[in-house]
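Containing PDB, C-alpha atoms and all ligand atoms: structure-v9.pdb.
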MODEL        1
ATOM      1  CA  MET A   1      -9.993 -15.417 -21.469
ATOM      2  CA  LYS A   2      -8.314 -12.314 -22.887
ATOM      3  CA  LEU A   3      -4.760 -11.312 -22.011
ATOM      4  CA  GLY A   4      -3.542  -7.809 -22.847
ATOM      5  CA  VAL A   5       0.203  -7.353 -23.329
ATOM      6  CA  ILE A   6       1.840  -3.946 -23.470
ATOM      7  CA  ALA A   7       5.480  -3.348 -24.402
ATOM      8  CA  ALA A   8       7.151   0.001 -24.950
ATOM      9  CA  MET A   9       9.420  -1.124 -27.781
ATOM     10  CA  LYS A  10       9.199  -3.515 -30.726
ATOM     11  CA  ILE A  11      12.110  -5.607 -29.378
ATOM     12  CA  GLU A  12      10.047  -6.215 -26.217
ATOM     13  CA  ALA A  13       6.988  -7.522 -28.139
ATOM     14  CA  GLU A  14       8.122  -9.155 -31.374
ATOM     15  CA  ILE A  15       8.543 -12.685 -29.945
ATOM     16  CA  ILE A  16       5.008 -12.493 -28.551
ATOM     17  CA  ILE A  17       3.453 -11.219 -31.780
ATOM     18  CA  ALA A  18       5.388 -13.877 -33.749
ATOM     19  CA  LYS A  19       3.794 -16.614 -31.584
ATOM     20  CA  MET A  20       0.257 -15.332 -32.165
ATOM     21  CA  THR A  21      -2.015 -16.981 -34.749
ATOM     22  CA  ASP A  22      -5.139 -15.613 -36.498
ATOM     23  CA  LYS A  23      -3.656 -12.126 -36.234
ATOM     24  CA  LYS A  24      -5.518  -8.926 -36.914
ATOM     25  CA  THR A  25      -4.173  -5.396 -36.339
ATOM     26  CA  GLU A  26      -6.370  -2.406 -35.527
ATOM     27  CA  SER A  27      -5.511   1.181 -34.731
ATOM     28  CA  LEU A  28      -7.211   3.007 -31.864
ATOM     29  CA  GLY A  29      -6.258   6.490 -30.672
ATOM     30  CA  GLY A  30      -3.092   6.350 -32.760
ATOM     31  CA  ILE A  31      -1.879   3.081 -31.193
ATOM     32  CA  GLU A  32      -1.844  -0.304 -32.965
ATOM     33  CA  TYR A  33      -3.315  -3.344 -31.230
ATOM     34  CA  THR A  34      -2.646  -6.824 -32.633
ATOM     35  CA  THR A  35      -5.182  -9.449 -31.562
ATOM     36  CA  GLY A  36      -4.761 -13.184 -32.031
ATOM     37  CA  LYS A  37      -4.352 -16.465 -30.200
ATOM     38  CA  ILE A  38      -1.603 -18.129 -28.207
ATOM     39  CA  GLY A  39      -2.962 -21.609 -27.543
ATOM     40  CA  ASP A  40      -6.555 -21.097 -26.415
ATOM     41  CA  CYS A  41      -5.851 -17.667 -24.948
ATOM     42  CA  THR A  42      -6.897 -14.546 -26.847
ATOM     43  CA  VAL A  43      -4.012 -12.079 -26.742
ATOM     44  CA  ILE A  44      -4.089  -8.369 -27.492
ATOM     45  CA  CYS A  45      -0.532  -7.104 -27.903
ATOM     46  CA  SER A  46       0.588  -3.532 -28.398
ATOM     47  CA  VAL A  47       3.852  -1.624 -28.751
ATOM     48  CA  CYS A  48       2.942   1.607 -26.995
ATOM     49  CA  GLY A  49       6.090   3.719 -27.278
ATOM     50  CA  ILE A  50       8.392   4.924 -24.524
ATOM     51  CA  GLY A  51       7.222   6.715 -21.396
ATOM     52  CA  LYS A  52       4.260   6.979 -19.048
ATOM     53  CA  VAL A  53       1.901   8.933 -21.306
ATOM     54  CA  PHE A  54       2.060   6.462 -24.211
ATOM     55  CA  ALA A  55       1.764   3.563 -21.772
ATOM     56  CA  GLY A  56      -1.313   5.079 -20.107
ATOM     57  CA  MET A  57      -2.942   5.841 -23.469
ATOM     58  CA  CYS A  58      -2.289   2.297 -24.609
ATOM     59  CA  ALA A  59      -3.676   0.669 -21.457
ATOM     60  CA  GLN A  60      -6.835   2.799 -21.558
ATOM     61  CA  GLY A  61      -7.378   2.123 -25.282
ATOM     62  CA  MET A  62      -6.839  -1.578 -24.733
ATOM     63  CA  ILE A  63      -9.357  -1.678 -21.881
ATOM     64  CA  ILE A  64     -12.020   0.319 -23.750
ATOM     65  CA  GLY A  65     -11.494  -1.371 -27.100
ATOM     66  CA  PHE A  66     -10.731  -4.980 -26.168
ATOM     67  CA  SER A  67     -11.827  -5.607 -22.517
ATOM     68  CA  PRO A  68      -8.824  -7.718 -21.432
ATOM     69  CA  ASP A  69      -9.202  -9.843 -18.273
ATOM     70  CA  TYR A  70      -5.561  -9.178 -17.364
ATOM     71  CA  ILE A  71      -2.818  -6.844 -18.583
ATOM     72  CA  ILE A  72       0.891  -7.658 -18.530
ATOM     73  CA  ASN A  73       3.515  -4.993 -19.106
ATOM     74  CA  THR A  74       6.654  -6.732 -20.353
ATOM     75  CA  GLY A  75      10.113  -5.396 -21.137
ATOM     76  CA  VAL A  76      13.447  -4.383 -19.672
ATOM     77  CA  ALA A  77      14.504  -2.397 -16.609
ATOM     78  CA  GLY A  78      17.477  -1.039 -14.739
ATOM     79  CA  THR A  79      18.299  -2.819 -11.486
ATOM     80  CA  LEU A  80      18.007  -1.065  -8.125
ATOM     81  CA  ASP A  81      18.648  -4.238  -6.139
ATOM     82  CA  SER A  82      22.106  -5.689  -5.626
ATOM     83  CA  SER A  83      20.721  -9.231  -5.994
ATOM     84  CA  LEU A  84      19.316  -8.535  -9.497
ATOM     85  CA  SER A  85      21.794  -8.713 -12.379
ATOM     86  CA  ILE A  86      21.505  -8.455 -16.148
ATOM     87  CA  GLY A  87      19.119 -11.127 -17.482
ATOM     88  CA  ASP A  88      17.373 -11.653 -14.117
ATOM     89  CA  ILE A  89      13.665 -10.940 -13.707
ATOM     90  CA  ALA A  90      11.897  -8.318 -11.589
ATOM     91  CA  VAL A  91       8.162  -8.895 -11.014
ATOM     92  CA  SER A  92       5.919  -6.201  -9.558
ATOM     93  CA  SER A  93       4.289  -6.694  -6.179
ATOM     94  CA  ALA A  94       3.227  -3.082  -6.801
ATOM     95  CA  VAL A  95       4.213  -0.184  -9.040
ATOM     96  CA  VAL A  96       5.026   3.444  -8.195
ATOM     97  CA  GLN A  97       5.709   6.595 -10.211
ATOM     98  CA  HIS A  98       8.996   7.951  -8.874
ATOM     99  CA  ASP A  99       8.660  11.272 -10.740
ATOM    100  CA  MET A 100       5.175  12.069  -9.388
ATOM    101  CA  ASP A 101       5.892  14.761  -6.832
ATOM    102  CA  THR A 102       3.508  17.167  -5.117
ATOM    103  CA  SER A 103       5.664  17.286  -1.982
ATOM    104  CA  GLY A 104       5.822  21.088  -2.400
ATOM    105  CA  ILE A 105       2.248  21.236  -1.132
ATOM    106  CA  GLY A 106       2.816  18.716   1.652
ATOM    107  CA  ASP A 107       2.144  15.367  -0.035
ATOM    108  CA  PRO A 108       4.525  12.409   0.276
ATOM    109  CA  PRO A 109       6.677  11.893  -2.861
ATOM    110  CA  GLY A 110       4.991   9.604  -5.384
ATOM    111  CA  LEU A 111       1.443  10.247  -4.174
ATOM    112  CA  ILE A 112      -1.064  10.083  -7.023
ATOM    113  CA  SER A 113      -3.838  12.486  -6.105
ATOM    114  CA  GLY A 114      -7.363  11.423  -7.024
ATOM    115  CA  ILE A 115      -6.752   7.784  -6.211
ATOM    116  CA  ASN A 116      -4.634   8.823  -3.205
ATOM    117  CA  MET A 117      -2.124   6.015  -3.694
ATOM    118  CA  ILE A 118       1.658   5.776  -3.929
ATOM    119  CA  GLU A 119       1.918   2.021  -4.466
ATOM    120  CA  MET A 120      -0.532   0.410  -6.859
ATOM    121  CA  PRO A 121      -0.714  -3.319  -6.044
ATOM    122  CA  ALA A 122      -0.227  -5.797  -8.880
ATOM    123  CA  SER A 123      -1.996  -9.144  -9.337
ATOM    124  CA  GLU A 124      -0.544 -11.742  -6.959
ATOM    125  CA  PHE A 125      -1.947 -14.467  -9.218
ATOM    126  CA  LEU A 126      -0.022 -13.257 -12.291
ATOM    127  CA  GLY A 127       3.040 -12.603 -10.132
ATOM    128  CA  SER A 128       3.033 -16.160  -8.819
ATOM    129  CA  LEU A 129       2.662 -17.583 -12.355
ATOM    130  CA  ILE A 130       5.751 -15.624 -13.420
ATOM    131  CA  THR A 131       7.726 -16.702 -10.357
ATOM    132  CA  ASP A 132       6.877 -20.364 -11.044
ATOM    133  CA  ILE A 133       7.816 -20.159 -14.730
ATOM    134  CA  ALA A 134      11.113 -18.386 -13.942
ATOM    135  CA  LYS A 135      11.941 -20.962 -11.265
ATOM    136  CA  LYS A 136      11.302 -23.862 -13.659
ATOM    137  CA  ARG A 137      13.615 -22.191 -16.192
ATOM    138  CA  GLY A 138      16.357 -21.517 -13.636
ATOM    139  CA  ILE A 139      16.012 -17.753 -14.057
ATOM    140  CA  LYS A 140      16.541 -15.629 -10.948
ATOM    141  CA  CYS A 141      13.344 -13.734 -10.164
ATOM    142  CA  VAL A 142      12.725 -11.092  -7.471
ATOM    143  CA  THR A 143       9.258  -9.812  -6.588
ATOM    144  CA  GLY A 144       9.120  -6.215  -5.385
ATOM    145  CA  ILE A 145       8.182  -2.654  -6.173
ATOM    146  CA  ILE A 146       8.890  -1.495  -9.710
ATOM    147  CA  ALA A 147       9.375   2.263 -10.072
ATOM    148  CA  SER A 148       8.502   4.150 -13.254
ATOM    149  CA  GLY A 149       9.303   7.653 -14.412
ATOM    150  CA  ASP A 150       9.894   9.582 -17.615
ATOM    151  CA  GLN A 151      13.665   9.327 -17.184
ATOM    152  CA  PHE A 152      16.285   6.788 -18.218
ATOM    153  CA  ILE A 153      18.223   6.272 -14.964
ATOM    154  CA  ALA A 154      21.974   6.118 -15.543
ATOM    155  CA  ASP A 155      23.242   7.855 -12.448
ATOM    156  CA  GLY A 156      24.129   6.582  -8.968
ATOM    157  CA  ASN A 157      22.421   9.423  -7.101
ATOM    158  CA  ALA A 158      19.122   9.081  -8.966
ATOM    159  CA  LYS A 159      19.286   5.315  -8.452
ATOM    160  CA  LYS A 160      19.843   5.719  -4.703
ATOM    161  CA  ARG A 161      16.996   8.226  -4.388
ATOM    162  CA  ILE A 162      14.448   5.936  -6.083
ATOM    163  CA  LYS A 163      15.580   2.896  -4.123
ATOM    164  CA  LYS A 164      15.516   4.766  -0.800
ATOM    165  CA  SER A 165      12.250   6.694  -1.357
ATOM    166  CA  PHE A 166      10.191   3.778  -2.683
ATOM    167  CA  GLY A 167      12.020   0.573  -1.720
ATOM    168  CA  ALA A 168      11.944  -0.343  -5.408
ATOM    169  CA  VAL A 169      13.899  -3.232  -6.949
ATOM    170  CA  ALA A 170      13.900  -2.024 -10.572
ATOM    171  CA  CYS A 171      13.256   1.133 -12.582
ATOM    172  CA  GLU A 172      11.676   1.597 -15.983
ATOM    173  CA  MET A 173       9.419   4.067 -17.779
ATOM    174  CA  GLU A 174       5.915   2.601 -18.286
ATOM    175  CA  GLY A 175       4.755   0.119 -15.623
ATOM    176  CA  GLY A 176       3.529   2.794 -13.183
ATOM    177  CA  ALA A 177       1.257   4.286 -15.847
ATOM    178  CA  VAL A 178      -0.131   0.889 -16.900
ATOM    179  CA  GLY A 179      -0.667   0.187 -13.188
ATOM    180  CA  GLN A 180      -2.513   3.475 -12.622
ATOM    181  CA  VAL A 181      -4.868   2.930 -15.570
ATOM    182  CA  CYS A 182      -5.486  -0.692 -14.567
ATOM    183  CA  THR A 183      -6.103   0.286 -10.929
ATOM    184  CA  VAL A 184      -8.660   2.941 -11.930
ATOM    185  CA  ASN A 185     -10.367   0.488 -14.333
ATOM    186  CA  LYS A 186     -10.132  -2.458 -11.889
ATOM    187  CA  VAL A 187      -8.202  -4.642 -14.343
ATOM    188  CA  PRO A 188      -5.614  -6.967 -12.707
ATOM    189  CA  PHE A 189      -2.109  -6.272 -13.999
ATOM    190  CA  VAL A 190       1.500  -7.227 -13.535
ATOM    191  CA  VAL A 191       4.811  -5.769 -14.682
ATOM    192  CA  ILE A 192       7.555  -8.200 -15.686
ATOM    193  CA  ARG A 193      10.953  -6.828 -16.548
ATOM    194  CA  ALA A 194      14.254  -8.491 -17.343
ATOM    195  CA  ILE A 195      17.251  -6.471 -16.217
ATOM    196  CA  SER A 196      19.192  -4.775 -19.030
ATOM    197  CA  ASP A 197      21.498  -2.486 -17.048
ATOM    198  CA  ASP A 198      22.665  -1.224 -13.643
ATOM    199  CA  ALA A 199      20.760   2.132 -13.757
ATOM    200  CA  ASP A 200      24.144   3.681 -12.928
ATOM    201  CA  SER A 201      27.038   4.867 -15.088
ATOM    202  CA  GLY A 202      27.372   1.347 -16.562
ATOM    203  CA  ALA A 203      23.898   1.661 -18.120
ATOM    204  CA  VAL A 204      25.225   3.717 -21.019
ATOM    205  CA  GLU A 205      27.139   0.672 -22.273
ATOM    206  CA  ASP A 206      25.006  -2.133 -20.808
ATOM    207  CA  TYR A 207      21.667  -1.027 -22.199
ATOM    208  CA  PRO A 208      22.546  -1.142 -25.919
ATOM    209  CA  SER A 209      24.414  -4.436 -25.399
ATOM    210  CA  PHE A 210      21.766  -6.299 -23.370
ATOM    211  CA  ALA A 211      18.335  -4.720 -24.043
ATOM    212  CA  LYS A 212      17.382  -7.102 -26.867
ATOM    213  CA  LYS A 213      18.431 -10.314 -25.090
ATOM    214  CA  SER A 214      16.763  -9.248 -21.828
ATOM    215  CA  ALA A 215      13.602  -8.127 -23.664
ATOM    216  CA  GLU A 216      13.372 -11.625 -25.142
ATOM    217  CA  ILE A 217      13.690 -13.304 -21.715
ATOM    218  CA  SER A 218      10.723 -11.294 -20.437
ATOM    219  CA  ALA A 219       8.711 -11.805 -23.655
ATOM    220  CA  ASP A 220       9.336 -15.563 -23.562
ATOM    221  CA  ILE A 221       7.904 -15.803 -20.047
ATOM    222  CA  THR A 222       4.920 -13.696 -21.155
ATOM    223  CA  VAL A 223       4.229 -16.192 -23.984
ATOM    224  CA  LYS A 224       4.340 -19.030 -21.449
ATOM    225  CA  ILE A 225       1.824 -17.201 -19.235
ATOM    226  CA  ALA A 226      -0.567 -16.947 -22.190
ATOM    227  CA  GLU A 227      -0.108 -20.666 -22.816
ATOM    228  CA  GLU A 228      -0.757 -21.551 -19.159
ATOM    229  CA  LEU A 229      -3.298 -18.922 -18.160
ATOM    230  CA  LEU A 230      -6.424 -20.933 -18.991
ATOM    231  CA  LEU A 231      -5.147 -23.941 -17.083
ATOM    232  CA  HIS A 232      -4.219 -21.953 -13.994
ATOM    233  CA  ASP A 233      -7.175 -19.588 -14.113
ATOM    234  CA  ASN A 234      -9.556 -22.445 -13.448
ATOM    235  CA  PRO A 235      -9.486 -22.957  -9.632
ATOM    236  CA  GLU A 236     -10.000 -26.717 -10.081
ATOM    237  CA  ASN A 237      -6.940 -26.950 -12.305
ATOM    238  CA  GLN A 238      -4.963 -24.827  -9.872
ATOM    239  CA  LYS A 239      -5.673 -27.401  -7.193
ATOM    240  CA  LEU A 240      -4.681 -30.217  -9.543
ATOM    241  CA  SER A 241      -1.395 -28.640 -10.530
ATOM    242  CA  LEU A 242      -0.228 -28.096  -6.944
TER     243      LEU A 242
HETATM  244  N1  LIG A 301      14.711   0.611 -18.933
HETATM  245  C1  LIG A 301      15.798  -0.170 -18.958
HETATM  246  N2  LIG A 301      16.792   0.360 -18.231
HETATM  247  C2  LIG A 301      16.311   1.525 -17.722
HETATM  248  C3  LIG A 301      16.860   2.517 -16.906
HETATM  249  N3  LIG A 301      18.118   2.441 -16.456
HETATM  250  N4  LIG A 301      16.082   3.573 -16.578
HETATM  251  C4  LIG A 301      14.817   3.664 -17.034
HETATM  252  N5  LIG A 301      14.252   2.753 -17.825
HETATM  253  C5  LIG A 301      14.980   1.676 -18.162
ENDMDL
END

Before anything else, please render the file you have as structure tokens.
Amino acid sequence: MKLGVIAAMKIEAEIIIAKMTDKKTESLGGIEYTTGKIGDCTVICSVCGIGKVFAGMCAQGMIIGFSPDYIINTGVAGTLDSSLSIGDIAVSSAVVQHDMDTSGIGDPPGLISGINMIEMPASEFLGSLITDIAKKRGIKCVTGIIASGDQFIADGNAKKRIKKSFGAVACEMEGGAVGQVCTVNKVPFVVIRAISDDADSGAVEDYPSFAKKSAEISADITVKIAEELLLHDNPENQKLSL
């Protein structure tokens, strides 16, 4: 079982890399991939850099170079949902790219030509693992659409537009690209994000104050998934643990 983990920033990945044993780091296409073990699970963890292009490059390199069974994109996000506050978790039912826009030639906003999709569905299995772990830890967790774009959202109008156009619960800058690459390559994925800010005018102060703490909440849950994945991935064990 191989679990790929992609984070945009070092603060979103360092807890995960610290937990890995038998570590080896390789560079592929200008991106570093650290492989190792968490329990019996082989983990490939990478800090891809900020934005959709780096995230897409990283996911494709990871798939070609390391053949992960699943990919998790972990990190922080701005909230678009009044029930999600700083430190709470958003889990993707699907991802969208809110800045993909060919509406000028008649397409609906967010449509990704070629695959002809707006929403790219995430793994329900990984999503349910995250929901269970969060519940056991008493962390509020909302499953919904996570919207990505190459913009830090810190403005009420932009926030409203993304929420209204896509029904999204959180916004960030990489999950939609990881989701697109995984969809094309048929690799199950999920995006888990802990809320760091309100994606409105408060984000300017909230983000620097809460990004590290929130990044660690999401990374901690990702470590737990690696620890539990083998157990849950076996259908017999799934039955036993119910
Ligand atoms: N990541 C964390 N907060 C964000 C925001 N407000 N916009 C985009 N990406 C984010």

Within 9 Å of ligand LIG 301 (chain A), counting all atoms listed in the file, residues as a PyMOL selection string: chain A and resi 51+75-79+147-155+159+170-174+193-200+203-204+206-207+211

Minimum-distance residue to Val184 in chain A, chosen among A:Ile89, A:Met117, A:Val47, A:Lys160 (using all atoms listed in the file): A:Met117

Polymer residues at most 9 Å from Lys224 in chain A, all atoms listed in the file, same-chain spacing of 5 or more positions, as a VMD selection string: chain A and resid 130 133 219 229

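Ranking A:Asp132, A:Asp69, A:Glu228, A:Asp22 by their shortest atom-to-atom distance to Thr35 in chain A, with all atoms listed in the file included, puts A:Asp22 first.
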
Test item: which residues lie within 7 Å of (5.1, 0.0, -5.4) counting only C-alpha atoms, as a PyMOL selection string: chain A and resi 93-96+118-121+145-147+166+168

Could those selected residues go to a file with C-alpha atoms, as a PDB file, in the coordinates of the input?
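Output saved as result-v6.pdb:
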ATOM      1  CA  SER A  93       4.289  -6.694  -6.179  1.00  0.00           C
ATOM      2  CA  ALA A  94       3.227  -3.082  -6.801  1.00  0.00           C
ATOM      3  CA  VAL A  95       4.213  -0.184  -9.040  1.00  0.00           C
ATOM      4  CA  VAL A  96       5.026   3.444  -8.195  1.00  0.00           C
ATOM      5  CA  ILE A 118       1.658   5.776  -3.929  1.00  0.00           C
ATOM      6  CA  GLU A 119       1.918   2.021  -4.466  1.00  0.00           C
ATOM      7  CA  MET A 120      -0.532   0.410  -6.859  1.00  0.00           C
ATOM      8  CA  PRO A 121      -0.714  -3.319  -6.044  1.00  0.00           C
ATOM      9  CA  ILE A 145       8.182  -2.654  -6.173  1.00  0.00           C
ATOM     10  CA  ILE A 146       8.890  -1.495  -9.710  1.00  0.00           C
ATOM     11  CA  ALA A 147       9.375   2.263 -10.072  1.00  0.00           C
ATOM     12  CA  PHE A 166      10.191   3.778  -2.683  1.00  0.00           C
ATOM     13  CA  ALA A 168      11.944  -0.343  -5.408  1.00  0.00           C
TER      14      ALA A 168
END

CA of Gly167 in chain A to CA of Gly104 in chain A, straight-line distance in Å: 21.4 Å

Explicit residue set for the PyMOL selection byres (((chain A and resi 8-14) around 8) and not hetatm), as an MDAnalysis selection string: chainID A and resid 6:7 15:18 45:51 55 74:76 174 212 215:216 218:219

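With all atoms listed in the file as the atoms that count, the minimum distance from Ile221 in chain A to the choices A:Gly29, A:Gly106, A:Gly127, A:Gly61 is reached by A:Gly127.
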
Output of the PyMOL selection byres (((chain A and resi 41) around 10) and not hetatm), listed as a PyMOL selection string: chain A and resi 1-3+20+36-40+42-44+225-230

Using C-alpha atoms, can you write the selected residues to a file as a CSV table (one decimal), in the frame of the given file?
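selection-v5.csv was written with the following content:
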chain,number,residue,atom,x,y,z
A,1,MET,CA,-10.0,-15.4,-21.5
A,2,LYS,CA,-8.3,-12.3,-22.9
A,3,LEU,CA,-4.8,-11.3,-22.0
A,20,MET,CA,0.3,-15.3,-32.2
A,36,GLY,CA,-4.8,-13.2,-32.0
A,37,LYS,CA,-4.4,-16.5,-30.2
A,38,ILE,CA,-1.6,-18.1,-28.2
A,39,GLY,CA,-3.0,-21.6,-27.5
A,40,ASP,CA,-6.6,-21.1,-26.4
A,42,THR,CA,-6.9,-14.5,-26.8
A,43,VAL,CA,-4.0,-12.1,-26.7
A,44,ILE,CA,-4.1,-8.4,-27.5
A,225,ILE,CA,1.8,-17.2,-19.2
A,226,ALA,CA,-0.6,-16.9,-22.2
A,227,GLU,CA,-0.1,-20.7,-22.8
A,228,GLU,CA,-0.8,-21.6,-19.2
A,229,LEU,CA,-3.3,-18.9,-18.2
A,230,LEU,CA,-6.4,-20.9,-19.0

Gap from CA of Phe125 in chain A to CA of Met62 in chain A - Å, one decimal: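 Between CA of Phe125 in chain A and CA of Met62 in chain A the gap works out to 20.8 Å.
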
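Coordinates place CA of Ala177 in chain A at a distance of 20.7 Å from CA of Lys164 in chain A.
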
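Between Leu28 in chain A and the candidates A:Val191, A:Gly176, A:Ser128, A:Ala59, the tightest atom-to-atom separation, counting all atoms listed in the file, involves A:Ala59.
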
Explicit residue set for the PyMOL selection byres (((chain A and resi 112) around 9) and not hetatm), as a list in words: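 That selection, the PyMOL selection byres (((chain A and resi 112) around 9) and not hetatm), comes back as Gln97, Met100, Asp101, Thr102, Pro109, Gly110, Leu111, Ser113, Gly114, Ile115, Asn116, Met117, Ile118, Glu119 and Gln180 of chain A.
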
7 Å contact set for Ile71 in chain A, only C-alpha atoms, chain neighbours under 3 positions out, as number ranges by chain: A: 3-5, 68, 188-190

Distance criterion (all atoms listed in the file): nearest to Lys213 in chain A out of A:Gly87, A:Gly56, A:Gly175, A:Gly65: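 Ranking A:Gly87, A:Gly56, A:Gly175, A:Gly65 by distance to Lys213 in chain A, first place goes to A:Gly87.
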